[in-house]
Structure formats: structure tokens, C-alpha cells
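Source file: upload18.cif; contents: mmCIF, C-alpha atoms.
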data_run
loop_
_atom_site.group_PDB
_atom_site.id
_atom_site.type_symbol
_atom_site.label_atom_id
_atom_site.label_comp_id
_atom_site.auth_asym_id
_atom_site.auth_seq_id
_atom_site.Cartn_x
_atom_site.Cartn_y
_atom_site.Cartn_z
ATOM 1 C CA MET A 1 13.267 8.473 -11.370
ATOM 2 C CA ALA A 2 11.566 7.837 -14.699
ATOM 3 C CA ALA A 3 7.828 7.462 -15.082
ATOM 4 C CA PRO A 4 6.530 3.896 -15.492
ATOM 5 C CA ALA A 5 6.192 2.761 -19.088
ATOM 6 C CA SER A 6 2.595 1.632 -18.563
ATOM 7 C CA LEU A 7 -0.315 1.858 -16.190
ATOM 8 C CA ALA A 8 0.252 -1.806 -15.290
ATOM 9 C CA GLN A 9 3.814 -1.023 -14.245
ATOM 10 C CA ALA A 10 2.626 1.946 -12.199
ATOM 11 C CA CYS A 11 0.045 -0.214 -10.435
ATOM 12 C CA GLU A 12 2.606 -2.960 -9.815
ATOM 13 C CA SER A 13 4.969 -0.425 -8.286
ATOM 14 C CA ALA A 14 2.162 0.975 -6.143
ATOM 15 C CA VAL A 15 1.262 -2.520 -4.880
ATOM 16 C CA GLN A 16 4.862 -3.072 -3.821
ATOM 17 C CA GLY A 17 4.996 0.351 -2.203
ATOM 18 C CA GLU A 18 1.883 -0.302 -0.121
ATOM 19 C CA ILE A 19 3.221 -3.699 1.005
ATOM 20 C CA GLU A 20 6.432 -2.002 2.111
ATOM 21 C CA ASN A 21 4.451 0.783 3.794
ATOM 22 C CA ILE A 22 2.403 -1.728 5.821
ATOM 23 C CA ALA A 23 5.593 -3.518 6.873
ATOM 24 C CA LEU A 24 7.162 -0.202 7.891
ATOM 25 C CA TYR A 25 4.238 0.547 10.192
ATOM 26 C CA ASP A 26 4.550 -2.981 11.637
ATOM 27 C CA ARG A 27 8.095 -2.073 12.663
ATOM 28 C CA LEU A 28 7.430 1.496 13.812
ATOM 29 C CA ILE A 29 4.163 1.251 15.741
ATOM 30 C CA PRO A 30 5.582 -0.855 18.589
ATOM 31 C CA MET A 31 8.234 1.826 19.174
ATOM 32 C CA VAL A 32 5.724 4.687 19.608
ATOM 33 C CA ASP A 33 4.641 5.461 23.164
ATOM 34 C CA ASP A 34 2.309 8.376 22.517
ATOM 35 C CA PRO A 35 -1.253 6.994 22.195
ATOM 36 C CA ALA A 36 -2.391 9.684 19.758
ATOM 37 C CA ALA A 37 0.615 9.150 17.486
ATOM 38 C CA ARG A 38 0.092 5.375 17.644
ATOM 39 C CA GLN A 39 -3.550 5.810 16.645
ATOM 40 C CA VAL A 40 -2.631 7.975 13.675
ATOM 41 C CA MET A 41 -0.067 5.430 12.507
ATOM 42 C CA GLU A 42 -2.513 2.552 12.979
ATOM 43 C CA ASN A 43 -5.118 4.457 10.957
ATOM 44 C CA LEU A 44 -2.630 5.109 8.172
ATOM 45 C CA GLN A 45 -1.582 1.462 8.145
ATOM 46 C CA ALA A 46 -5.222 0.362 7.998
ATOM 47 C CA ALA A 47 -5.829 2.680 5.045
ATOM 48 C CA SER A 48 -2.867 1.152 3.233
ATOM 49 C CA ARG A 49 -3.987 -2.398 4.000
ATOM 50 C CA GLU A 50 -7.738 -2.039 3.542
ATOM 51 C CA ARG A 51 -8.048 0.598 0.810
ATOM 52 C CA HIS A 52 -4.874 1.478 -1.066
ATOM 53 C CA LEU A 53 -3.451 -2.016 -1.536
ATOM 54 C CA PRO A 54 -6.747 -3.534 -2.756
ATOM 55 C CA ALA A 55 -7.278 -0.612 -5.133
ATOM 56 C CA PHE A 56 -3.818 -0.926 -6.661
ATOM 57 C CA ARG A 57 -4.195 -4.717 -6.925
ATOM 58 C CA GLN A 58 -7.505 -4.203 -8.716
ATOM 59 C CA CYS A 59 -5.830 -1.762 -11.095
ATOM 60 C CA LEU A 60 -3.085 -4.278 -11.813
ATOM 61 C CA GLU A 61 -5.598 -7.095 -12.449
ATOM 62 C CA ARG A 62 -7.638 -4.877 -14.755
ATOM 63 C CA GLU A 63 -4.570 -3.887 -16.752
ATOM 64 C CA ARG A 64 -3.380 -7.504 -17.017
ATOM 65 C CA ASP A 65 -6.837 -8.592 -18.185
ATOM 66 C CA ARG A 66 -6.830 -5.873 -20.855
ATOM 67 C CA ARG A 67 -3.559 -7.207 -22.244
ATOM 68 C CA SER A 68 -4.840 -10.788 -22.462
#

Could you spell out this file's structure in C-alpha cells?
Amino acid sequence: MAAPASLAQACESAVQGEIENIALYDRLIPMVDDPAARQVMENLQAASRERHLPAFRQCLERERDRRS
């Protein structure tokens, strides 16, 4: 896999990756019976939703604004 041509492309790819990651946890969490494992997965999903995704979206906005 080649490196992104720009920071904007890297941020865009990261946004998509976090969206897919959140959706993956939506599918997997209901299948996990172990409460500790469920909690870990819910924490990871929350980090993707509440921290990673907003940070990558902010990066993408900043890079788009710089190009304008």
C-alpha cells in the first residue's frame, strides 16, 4: 500500500477507517458474552467515536481550509 499523497488524503482515509471501525464494533459487540471483553470493545468503540473520528475530521477540515 502506498503512502497518501497528502495530509488531507491521509486524514480522509483515517476518517473512513474510524467509521468502519465503529461499524465493526456495532456488529461484534452483540456477539460477545464475556462482560469484560464487551467492556473493552465498548471502550475502544467509544474512543473511535468520541476521540479519533473527531480528531481526523478536524485534520481534514484544517487541510481543506488551507487549500482554499

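Distance annotation: of A:Glu18, A:Leu53, A:Ser13, A:Glu42, the residue with the minimal separation from Pro30 of chain A is A:Glu42; atom set is all atoms listed in the file.
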
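Put simply, atom CA of Asn43 of chain A is 24.5 Å away from atom CA of Leu60 of chain A.
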
Tell me, as an mmCIF file with C-alpha atoms, in the frame of the given file, which residues lie within 12 Å of Ile29 of chain A, counting only C-alpha atoms; anything in the same chain fewer than 4 positions away does not count.
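Output below, filename result.cif:
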data_model
loop_
_atom_site.group_PDB
_atom_site.id
_atom_site.type_symbol
_atom_site.label_atom_id
_atom_site.label_comp_id
_atom_site.auth_asym_id
_atom_site.auth_seq_id
_atom_site.Cartn_x
_atom_site.Cartn_y
_atom_site.Cartn_z
ATOM 1 C CA ASN A 21 4.451 0.783 3.794
ATOM 2 C CA ILE A 22 2.403 -1.728 5.821
ATOM 3 C CA ALA A 23 5.593 -3.518 6.873
ATOM 4 C CA LEU A 24 7.162 -0.202 7.891
ATOM 5 C CA TYR A 25 4.238 0.547 10.192
ATOM 6 C CA ASP A 33 4.641 5.461 23.164
ATOM 7 C CA ASP A 34 2.309 8.376 22.517
ATOM 8 C CA PRO A 35 -1.253 6.994 22.195
ATOM 9 C CA ALA A 36 -2.391 9.684 19.758
ATOM 10 C CA ALA A 37 0.615 9.150 17.486
ATOM 11 C CA ARG A 38 0.092 5.375 17.644
ATOM 12 C CA GLN A 39 -3.550 5.810 16.645
ATOM 13 C CA VAL A 40 -2.631 7.975 13.675
ATOM 14 C CA MET A 41 -0.067 5.430 12.507
ATOM 15 C CA GLU A 42 -2.513 2.552 12.979
ATOM 16 C CA ASN A 43 -5.118 4.457 10.957
ATOM 17 C CA LEU A 44 -2.630 5.109 8.172
ATOM 18 C CA GLN A 45 -1.582 1.462 8.145
#

- [ ] Please provide the set of residues having any atom within 12 Å of Pro54 of chain A, restricted to only C-alpha atoms, with same-chain residues fewer than 2 positions apart removed, written as a ChimeraX atom specification.
- [x] /A:11-12,14-16,18-19,46-52,56-61

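Atom CA of Ala3 of chain A sits 22.0 Å away from atom CA of Asp65 of chain A.
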
Each side padded by 4 Å, which centre and which edge lengths in Å (one decimal) define the axis-aligned box around the listed atoms of segment 25-40 of chain A? Give them as JSON.
{"center_x": 2.3, "center_y": 3.4, "center_z": 16.7, "size_x": 19.8, "size_y": 20.7, "size_z": 21.0}

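Between atom CA of Ser68 of chain A and atom CA of Met1 of chain A there is a distance of 28.7 Å.
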
Atoms added to segment 52-68 of chain A (N, CA, C and O atoms), reported as an mmCIF file, keeping the file's coordinate frame:
data_model
loop_
_atom_site.group_PDB
_atom_site.id
_atom_site.type_symbol
_atom_site.label_atom_id
_atom_site.label_comp_id
_atom_site.auth_asym_id
_atom_site.auth_seq_id
_atom_site.Cartn_x
_atom_site.Cartn_y
_atom_site.Cartn_z
ATOM 1 N N HIS A 52 -5.839 1.206 0.000
ATOM 2 C CA HIS A 52 -4.874 1.478 -1.066
ATOM 3 C C HIS A 52 -4.409 0.198 -1.749
ATOM 4 O O HIS A 52 -4.447 0.109 -2.983
ATOM 5 N N LEU A 53 -3.963 -0.774 -0.960
ATOM 6 C CA LEU A 53 -3.451 -2.016 -1.536
ATOM 7 C C LEU A 53 -4.506 -2.724 -2.388
ATOM 8 O O LEU A 53 -4.216 -3.083 -3.537
ATOM 9 N N PRO A 54 -5.733 -2.906 -1.894
ATOM 10 C CA PRO A 54 -6.747 -3.534 -2.756
ATOM 11 C C PRO A 54 -7.023 -2.743 -4.037
ATOM 12 O O PRO A 54 -7.225 -3.327 -5.104
ATOM 13 N N ALA A 55 -7.014 -1.426 -3.943
ATOM 14 C CA ALA A 55 -7.278 -0.612 -5.133
ATOM 15 C C ALA A 55 -6.167 -0.774 -6.166
ATOM 16 O O ALA A 55 -6.440 -0.927 -7.368
ATOM 17 N N PHE A 56 -4.921 -0.760 -5.717
ATOM 18 C CA PHE A 56 -3.818 -0.926 -6.661
ATOM 19 C C PHE A 56 -3.774 -2.348 -7.228
ATOM 20 O O PHE A 56 -3.431 -2.541 -8.394
ATOM 21 N N ARG A 57 -4.128 -3.335 -6.411
ATOM 22 C CA ARG A 57 -4.195 -4.717 -6.925
ATOM 23 C C ARG A 57 -5.294 -4.843 -7.975
ATOM 24 O O ARG A 57 -5.121 -5.514 -8.979
ATOM 25 N N GLN A 58 -6.412 -4.186 -7.740
ATOM 26 C CA GLN A 58 -7.505 -4.203 -8.716
ATOM 27 C C GLN A 58 -7.064 -3.536 -10.023
ATOM 28 O O GLN A 58 -7.362 -4.028 -11.109
ATOM 29 N N CYS A 59 -6.363 -2.439 -9.920
ATOM 30 C CA CYS A 59 -5.830 -1.762 -11.095
ATOM 31 C C CYS A 59 -4.909 -2.693 -11.874
ATOM 32 O O CYS A 59 -5.012 -2.805 -13.096
ATOM 33 N N LEU A 60 -4.026 -3.370 -11.169
ATOM 34 C CA LEU A 60 -3.085 -4.278 -11.813
ATOM 35 C C LEU A 60 -3.821 -5.419 -12.505
ATOM 36 O O LEU A 60 -3.512 -5.755 -13.652
ATOM 37 N N GLU A 61 -4.803 -6.009 -11.839
ATOM 38 C CA GLU A 61 -5.598 -7.095 -12.449
ATOM 39 C C GLU A 61 -6.297 -6.605 -13.709
ATOM 40 O O GLU A 61 -6.300 -7.284 -14.732
ATOM 41 N N ARG A 62 -6.914 -5.433 -13.614
ATOM 42 C CA ARG A 62 -7.638 -4.877 -14.755
ATOM 43 C C ARG A 62 -6.696 -4.661 -15.943
ATOM 44 O O ARG A 62 -7.018 -5.006 -17.075
ATOM 45 N N GLU A 63 -5.526 -4.135 -15.674
ATOM 46 C CA GLU A 63 -4.570 -3.887 -16.752
ATOM 47 C C GLU A 63 -4.041 -5.196 -17.339
ATOM 48 O O GLU A 63 -3.840 -5.295 -18.543
ATOM 49 N N ARG A 64 -3.828 -6.194 -16.507
ATOM 50 C CA ARG A 64 -3.380 -7.504 -17.017
ATOM 51 C C ARG A 64 -4.461 -8.154 -17.851
ATOM 52 O O ARG A 64 -4.179 -8.769 -18.876
ATOM 53 N N ASP A 65 -5.725 -8.019 -17.422
ATOM 54 C CA ASP A 65 -6.837 -8.592 -18.185
ATOM 55 C C ASP A 65 -6.976 -7.907 -19.535
ATOM 56 O O ASP A 65 -7.314 -8.567 -20.527
ATOM 57 N N ARG A 66 -6.735 -6.614 -19.589
ATOM 58 C CA ARG A 66 -6.830 -5.873 -20.855
ATOM 59 C C ARG A 66 -5.785 -6.331 -21.855
ATOM 60 O O ARG A 66 -6.011 -6.276 -23.057
ATOM 61 N N ARG A 67 -4.645 -6.776 -21.364
ATOM 62 C CA ARG A 67 -3.559 -7.207 -22.244
ATOM 63 C C ARG A 67 -3.747 -8.624 -22.739
ATOM 64 O O ARG A 67 -3.100 -9.044 -23.679
ATOM 65 N N SER A 68 -4.629 -9.381 -22.084
ATOM 66 C CA SER A 68 -4.840 -10.788 -22.462
ATOM 67 C C SER A 68 -5.714 -10.934 -23.681
ATOM 68 O O SER A 68 -6.521 -10.186 -24.033
#
